[in-house]
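Visitor: Please see the structure below; I have some questions.
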Amino acid sequence: MEFSELIRTGRAQAKLLRGPEVPPLHGTLCVTGHHLLLSPGPQATSDLWLLLLRSVDSIEKRVSGDSGTITLRCKDLRVLQLDIEGVEATLDIARSIEALSSLESVITSFPFFYRPKGLRLGDAWHFHPPERYYKRVDRETNAWRLSEVNEDFSLCPSYPRAVIVPRAVDDDALERCARFRQGGRFPVLSYHHAPSGTVLLRSSQPLTGPQKRRCAEDEELLRAVLAGARPGARGFILDTRSAQAAKQARMTGGGTEARAAYPGWKRLHRPLERGWPLQESFVRLVEACGYLEQSMDCWRSRLEACHWLGHVKEALSTACLAAQAMEREGACVLVHGAEGTDSTLLVTSLAQLILDPSSRTMAGFQELVEREWIQAGHPFQLRCAHSAFSHARPKHEAPTFLLFLDCVWQLGRQFPLLLEFGEGLLLALFEHAYASPFGTFLCSSEKERCLCEVRTRTHSLWSGLNQPKEQRKLRNPLYVPSPLAIWPSVEPQSLRLWQGLFLRWTRPNLQR
Amino acid sequence: MEHIRTTKVEQVKLLDRFSTSNKSLTGTLYLTATHLLFIDSHQKETWILHHHIALVEKLALTTSGCPLVIQCKNFRIVHFIVPRERDCHDIYNSLLQLSKQAKYEDLYAFSYNPKQNDMERLQGWQLIDLAEEYKRMGVPNSNWQLSDGNREYKICETYPRELYVPRIASKPIIVGSSKFRSKGRFPVLSYYHQNKELNAMANRAAGKGYENEDNYSNIRFQFVGIENIHVMRSSLQKLLEVNGTKGLSVSDFYSGLESSGWLRHIKAVMDAAIFLAKAIMVENASVLVHCSDGWDRTSQVCSLGSLLLDSYYRTIKGFMVLIEKDWISFGHKFSERCGHLDGDPKEVSPVFTQFLECVWHLTEQFPQDFEFNEAFLLQIHEHIHSCQFGNFLGNCQKEREELKLKEKTYSLWPFLLDDQKKYLNPLYSSKSPKFAVLEPNTVSFNFKFWRNMYHQFDRTLHPRQSVFNIIMNMNEQNKQLEKDIKDLESKIKQRKNKQTDGILTKELLHSVHPESPTLKTSLCFKEQTLLPVNHALRTIEGSNPADNRYSEYAEEFSKSEPGVVSLECGVARMTC
C-alpha cells in the first residue's frame with residue numbers, strides 16, 4: 001500500500017489554533033504519510049510545526065463559505081483547530097488525516113521509518129532482557145530458575161521467551177500448567193522481595209470450568225513456591241475479580257483456584273474495574289475536564305460520576321494489600337484476574353514500587369514498565385488504539401496503563417522525595433503509549449514484536465528518553481534514595497485529580 | 001478549680017479516627033485548668049485547649065470502657081476510651097464547664113502569662129498601627145479626611161473611633177446617613193488604592209435591604225449573592241460530617257463535598273472580591289460594599305479585594321494589618337462567630353475561616369506572591385479560637401476597650417513575628433511591584449478541598465514528605481553556605497593585604513580544605529535535614545501500612561486457618 005493513495009491533497013493555506021494562551025500559527029499545511037506539517041513560510045521566525053498523524057484521536061470538519069475548519073482531538077488530550085482556505089482543500093485534508101491516522105498495519109507505522117540523529121538502532125533493546133532480572137533474583141535466592149520453555153512462544157503467546165519459575169518445576173510440568181491457564185499464562189515470578197524472602201507471582205485464571213477441573217502440575221507449582229520461600233510459608237491468591245464474577249467465569253471455562261486443591265494458599269477477592277467501564281470512566285473524566293465554564297457543583301458531580309479517582313483508590317489499595325501481605329505477613333502472593341494482562345499487571349507493578357526501592361529510580365522504573373507491562377504482555381496495541389475522544393466504536397480499548405501512571409503520580413505526590421523521576425516521565429509514557437515515533441509500545445506481545453522485527457527495525461523509547469537533554473526534564477531534583485517501603489494513604493482526601501495530565505491543555509495558568 | 005473533680009486518669013486509650021483496625025495508643029489523661037493533656041506510652045503529648053473544644057460527647061459504655069469524643073474548633077477530633085465510667089463522667093462534666101465560659105474574664109487570655117513586662121506587652125500591642133496604615137494608603141488627602149464624629153462611639157458603636165470619610169461629607173450628613181443604615185454603619189473608607197494613573201477606593205457600609213437606584217446618581221449596583229452566616233454554618237457542618245466518615249469512598253467524598261456547597265460558597269466570596277478589584281483597577285470606579293450588617297460578608301469581600309489589589313497585604317506584617325483593619329477594627333463579631341463564650345449557637349459561623357480559605361486558594365494559584373505560607377494561616381485560625389491572646393476577644397473595638405484587653409492580655413502578632421521563620425514562604429519573590437494585582441482564575445477545578453485545614457491533625461491523610469520543608473532547609477543551608485563564602489572571602493582579603501607577595505600560608509589552605517570545621521558542619525546539616533527517613537521506625541514520616549485503611553484487611557492475614565465461612569465473610573466485607 002502506498003501512502004500517496006491516501007493523501008488527497010498536497011497543501012493548503014491554514015491557521016492553527018493551539019489553545020487560548022498560545023498565539024495562532026499561519027502557514028502552509030501539508031499532509032505526509034505520517035505527519036501533518038505546518039510550514040510558516042520562509043520569512044517567519046517560528047519553526048516547522050509537526051504532528052504525528054497517529055496521535056489524532058478524532059477529527060471533526062466544518063465548512064462555511066469558502067473556508068473550512070478542522071478540529072483535531074489528539075490522544076494526549078490536546079485539542080487543535082485548523083482554519084483552512086478552500087472548501088475542497090478542507091475536505092481533502094480531513095479525509096487524508098482520517099485515513100492515515102487510523103492505519104492498523106504495524107510495519108508501515110512511523111517507528112519503522114523514524115531515524116533520529118544521535119541514536120543507533122537496537123541500542124536500548126538489550127537493556128532489560130528477562131535474563132538480567134533473573135540474575136538479580138538468582139543472587140537473592142536459589143529457589144528459582146529461568147526457563148526457556150516459551151522460546152518459540154508456543155506455550156504462551158503473550159509471555160516473553162524466558163520466564164522465571166520455581167526451580168523444582170520442570171518444563172514438562174510447565175507445559176501442562178500452561179494448558180490449565182487461560183492464554184497459557186501459568187504462574188511466573190514477578191518480583192522477589194529479598195528482605196522477607198517472599199515472592200509476587202502473576203498468572204491468568206485457571207481453566208477449572210463448570211466441572212471444577214484440577215491440574216496436578218499447577219498445584220505442584222504453587223506448592224513449590226511456598227516450599228521455596230521458607231518452611232511453613234503461606235500464600236495469598238489475590239483475584240482481581242469479585243467472588244461472584246470469579247464463580248461466574250466457570251460457565252465460560254474459567255474459574256478460580258479451589259481451596260482444597262492448594263493447601264497453604266488463601267484466596268482474596270478485590271474487584272478492580274477493567275475493560276469498557278474503565279474506558280468510559282476515562283472518557284467521562286476527559287469530558288468533564290473540557291468544560292472550563294462550569295459551576296462548582298457541576299464539576300464536582302461530573303468528577304464524582306466518572307469514578308476515576310475511585311479506580312485509582314482501588315488499584316492503590318489492592319497493590320498495598322499485596323505488598324503488605326509480603327512485607328508484613330511474610331506471605332507469598334499470586335495475582336490474577338481473568339486474562340492476567342491488565343489489572344493483574346497494575347497490581348504487581350504498583351506493589352513493586354511500594355516495596356522495591358530500585359524500581360523507584362529512573363532506570364529501575366523503566367525496567368519495571370518494560371518487564372511488567374511490555375514484556376508481560378499488556379496488549380498496548382489494542383488497549384491504546386484510541387484515547388478519550390474517539391467516536392469509533394470501542395473494541396478493546398482500556399486505559400489500564402494510564403491508571404497505573406496516575407497511581408504512580410499519586411505515590412510521587414505523597415512521597416515527593418522518593419521517586420527519581422518526575423511527572424515529566426509519566427506524561428511522556430502516557431503520550432508514547434498512545435502514539436509514538438518509537439517502537440517500544442508497538443504490538444501487544446513479545447511474539448508480535450518478534451514477528452514484526454520491532455527490536456531491530458525501530459528505535460527504543462528508552463534510548464530516546466535517556467539522552468542527557470531529555471533526562472534533565474524527566475528527573476526529580478528532590479530525589480533522595482530510601483531503602484524503605486512506601487505506604488501511601490488511600491483515603492479520598494489524600495487522592496487528587498492529576499491536573500498535569502487531565503487539565504494539561506485546558507488549565508489556563510499551568511505555567512505559573 | 002471548682003470544675004475539676006478528676007485531674008488524672010490512667011490506662012486511657014486514644015483511638016485513631018481513620019484507622020479501622022481499632023489500633024489505639026494507651027496513656028494517661030491529665031486535666032489542667034486550661035488544657036486536656038494526653039501522654040501516650042511513647043511520651044508523645046497531645047494538648048487540647050479547653051477553649052478549642054466545640055463538642056464533648058459521652059457515648060454508650062462498651063466492654064473496653066467508656067468512649068469520650070471531643071470535637072475541636074481547629075478540626076481536631078479525638079476519641080478516648082476511659083476504663084471507668086465514673087472517671088469518664090467526671091472528665092465529661094469538667095470539660096462541659098471548662099469549654100463554655102460565661103464571662104470574658106474567665107478566658108485563657110486573662111491568665112496567660114508569657115513572662116513579659118508591661119512595657120513589652122504594650123509594645124506588642126503597638127506593633128500594628130492602623131493610623132500608620134491609612135497614611136500608607138495615602139489618606140487623609142484632598143478628598144478624604146479623618147472624621148471625629150465617632151470619637152466617643154456616638155454615631156456607631158461597632159465602628160472604630162477613627163473613620164475616614166469624604167471631605168465634603170459634613171457631620172450632619174454622616175449622622176443622617178448613619179440613621180439610614182443598619183446599626184448606624186454608614187459608608188466609610190476601607191481601602192484607598194493609589195496608583196499613578198488612578199485613585200479609587202473600596203469602602204464599606206451596612207444596609208438592610210438595598211439602595212433605590214433612582215436616588216443615587218452615577219452608581220451601578222451589583223449583587224453577588226454570598227449566603228448568610230446560617231447557611232455557611234450548616235454548610236461547614238455538612239462538610240465535617242462527610243469527611244469525618246470512616247471508610248469513606250471516593251464518590252461519597254465528592255458527592256458529600258458537592259452537597260455541602262462549601263466550595264461553592266468559597267467561590268462566591270472570591271468572585272465578589274475579584275469583581276471589586278476589577279472595578280477599581282479596570283473601571284477606575286469606587287466601590288461600596290455592604291451586606292445586611294456589614295461585619296461578615298462585607299469584611300470578607302473588602303479584605304480579600306484589598307489583598308488582590310495591594311501586595312503589601314500579602315506580606316506577613318501586611319496580612320496582620322489587613323486583619324486588624326477589615327476584621328477587628330470594623331467590628332467583625334469574633335467572639336460571637338467563634339463562640340468564645342457560652343452564647344447563642346446561632347451566632348456562630350465560620351466567616352473568618354472562609355476568608356482564610358480564600359487566601360489559601362490564592363496562595364495555591366500564586367505561589368510566589370505571598371510572603372507567608374499555609375502554616376501562618378493555620379496558626380491564625382488556631383488563635384481566633386484559642387482565646388489565648390486578646391486580639392480576637394470581644395465583638396467590636398468599644399467592647400475591647402471596656403475589657404481593657406491591652407492592659408490585661410497580650411497581642412498575638414509579636415509572637416507570630418518572633419516565629420516568622422516558620423511562616424515564610426520559600427518561593428516568595430518580593431521583587432514583584434507594589435501594585436501587582438492578582439487576577440485569580442475561578443474556574444471550578446481550581447477550588448480544592450483544603451485538607452491541611454480540615455484534616456490538620458489527621459497525619460495519616462497527609463503527604464508523607466513535605467517538599468516545603470525540604471525547600472526551607474535548603475534555603476537555610478544556602479544561607480549558611482553563602483555566609484561561609486563571605487567569611488572565607490574576607491579571610492582571603494585580609495591575607496592578601498598582609499602578604500603582598502601572594503603566597504598562601506598553610507593556615508589559609510587549611511581553611512578552604514573540605515575538612516574545615518565550617519564546611520563540615522554544613523555538610524552534616526545537609527545530611528540530617530535532607531534525609532527524610534527514620535530508620536528506627538522503618539517508615540517514612542508516618543507511612544505505615546497499619547495507619548492506612550487497607551490495613552483492615554490485615555486481619556485476614558492474622559487469622560490462623562480460617563474456615564470457609566469467615567473467609568467468605570471477609571470477601572463480602574471487602575467487596576461492598
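Residue numbers start at 1 in each chain; chains themselves are named A, B, ... in the order of the C-alpha cells; ligands are numbered from 1 in the order shown.
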Determine, counting only C-alpha atoms, which protein, DNA and RNA residues have an atom within 10 Å of an atom of Ala261 in chain A; residues of the same chain fewer than 2 positions away are not included. Present the result as a list of chain:residue names.
Guide: A:Arg214, A:Cys215, A:Ala216, A:Asp218, A:Glu219, A:Glu220, A:Glu257, A:Ala258, A:Arg259, A:Pro263, A:Gly264, A:Trp265
Visitor: Which residues of chain A are close to chain B, meaning at most 8 Å apart when you count only C-alpha atoms, and how do they look as a PyMOL selection string?
Guide: chain A and resi 242-243+268-271+292-297+299-301+303-305+307+309-310+313+317-318+320-321+324-325+329+413-417+480+482+484-494+512
Visitor: Hey, can you check how far CA of Leu52 in chain A sits from CA of Phe502 in chain A?
Guide: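 CA of Phe502 in chain A lies 20.4 Å from CA of Leu52 in chain A.
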Visitor: For Arg95 in chain A, list every protein, DNA or RNA residue within 12 Å, evaluated using only C-alpha atoms, and leave out those in the same chain fewer than 3 positions away; present the list as a ChimeraX atom specification.
Guide: /A:5-9,31,58-61,70,88-92,98-102
Visitor: Please report, as a ChimeraX atom specification, each residue of range 265-384 of chain B to which DSSP assigns alpha helix (DSSP H) when run on this structure's backbone.
Guide: /B:265-281,297-309,316-322,334-338,351-365,374-384
Visitor: Would you pick out the contacts of Ala351 in chain A at 8 Å or less, using only C-alpha atoms, so that residues sharing its chain but fewer than 5 positions from it are not included, and give the list as a list in words?
Guide: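 Residues near the query, excluding close chain neighbours: Ala319, Cys320, Ala322 and Ala323 of chain A.
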Visitor: Take the selection from the previous step and output its residues with N, CA, C and O atoms, as a PDB file, in the first residue's frame.
Guide:
ATOM      1  N   ALA A 319      -2.856  -2.949  45.541  1.00  0.00           N
ATOM      2  CA  ALA A 319      -1.400  -3.109  45.487  1.00  0.00           C
ATOM      3  C   ALA A 319      -0.809  -3.057  46.893  1.00  0.00           C
ATOM      4  O   ALA A 319       0.095  -3.830  47.236  1.00  0.00           O
ATOM      5  N   CYS A 320      -1.335  -2.160  47.734  1.00  0.00           N
ATOM      6  CA  CYS A 320      -0.864  -2.057  49.113  1.00  0.00           C
ATOM      7  C   CYS A 320      -1.140  -3.359  49.860  1.00  0.00           C
ATOM      8  O   CYS A 320      -0.321  -3.811  50.661  1.00  0.00           O
ATOM      9  N   ALA A 322      -1.337  -6.365  48.585  1.00  0.00           N
ATOM     10  CA  ALA A 322      -0.372  -7.372  48.143  1.00  0.00           C
ATOM     11  C   ALA A 322       0.993  -7.124  48.789  1.00  0.00           C
ATOM     12  O   ALA A 322       1.631  -8.045  49.309  1.00  0.00           O
ATOM     13  N   ALA A 323       1.406  -5.855  48.784  1.00  0.00           N
ATOM     14  CA  ALA A 323       2.709  -5.510  49.348  1.00  0.00           C
ATOM     15  C   ALA A 323       2.745  -5.790  50.842  1.00  0.00           C
ATOM     16  O   ALA A 323       3.734  -6.301  51.384  1.00  0.00           O
TER      17      ALA A 323
END
Visitor: Using only C-alpha atoms, determine which residues lie at most 7 Å from Ile53 in chain B, disregarding the query and same-chain residues fewer than 3 positions distant; provide the list as a VMD selection string.
Guide: chain B and resid 50 70 to 73 99
Visitor: Skip Val163 in chain A itself and residues of its chain fewer than 2 positions away, then list as a ChimeraX atom specification all residues within 7 Å of it, counting only C-alpha atoms.
Guide: /A:130,146-148,160-161,165,188
Visitor: Which polymer residues have any atom within 7 Å of an atom of Lys408 in chain B, counting only C-alpha atoms, with same-chain residues fewer than 3 positions away left out, as a ChimeraX atom specification?
Guide: /B:110,404-405
Visitor: I need the residues from that last selection saved to file as a PDB file, in the first residue's frame (with N, CA, C and O atoms), if you can.
Guide:
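Listed below is the output, selection19.pdb:
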ATOM      1  N   PHE B 110      -6.786  36.071  79.855  1.00  0.00           N
ATOM      2  CA  PHE B 110      -6.653  36.853  81.082  1.00  0.00           C
ATOM      3  C   PHE B 110      -5.741  36.184  82.105  1.00  0.00           C
ATOM      4  O   PHE B 110      -5.366  36.786  83.091  1.00  0.00           O
ATOM      5  N   LYS B 404     -10.516  46.275  78.665  1.00  0.00           N
ATOM      6  CA  LYS B 404      -9.129  46.662  78.955  1.00  0.00           C
ATOM      7  C   LYS B 404      -8.152  45.590  78.478  1.00  0.00           C
ATOM      8  O   LYS B 404      -7.223  45.196  79.188  1.00  0.00           O
ATOM      9  N   LEU B 405      -8.387  45.105  77.259  1.00  0.00           N
ATOM     10  CA  LEU B 405      -7.578  43.988  76.744  1.00  0.00           C
ATOM     11  C   LEU B 405      -6.107  44.357  76.652  1.00  0.00           C
ATOM     12  O   LEU B 405      -5.236  43.522  76.887  1.00  0.00           O
TER      13      LEU B 405
END
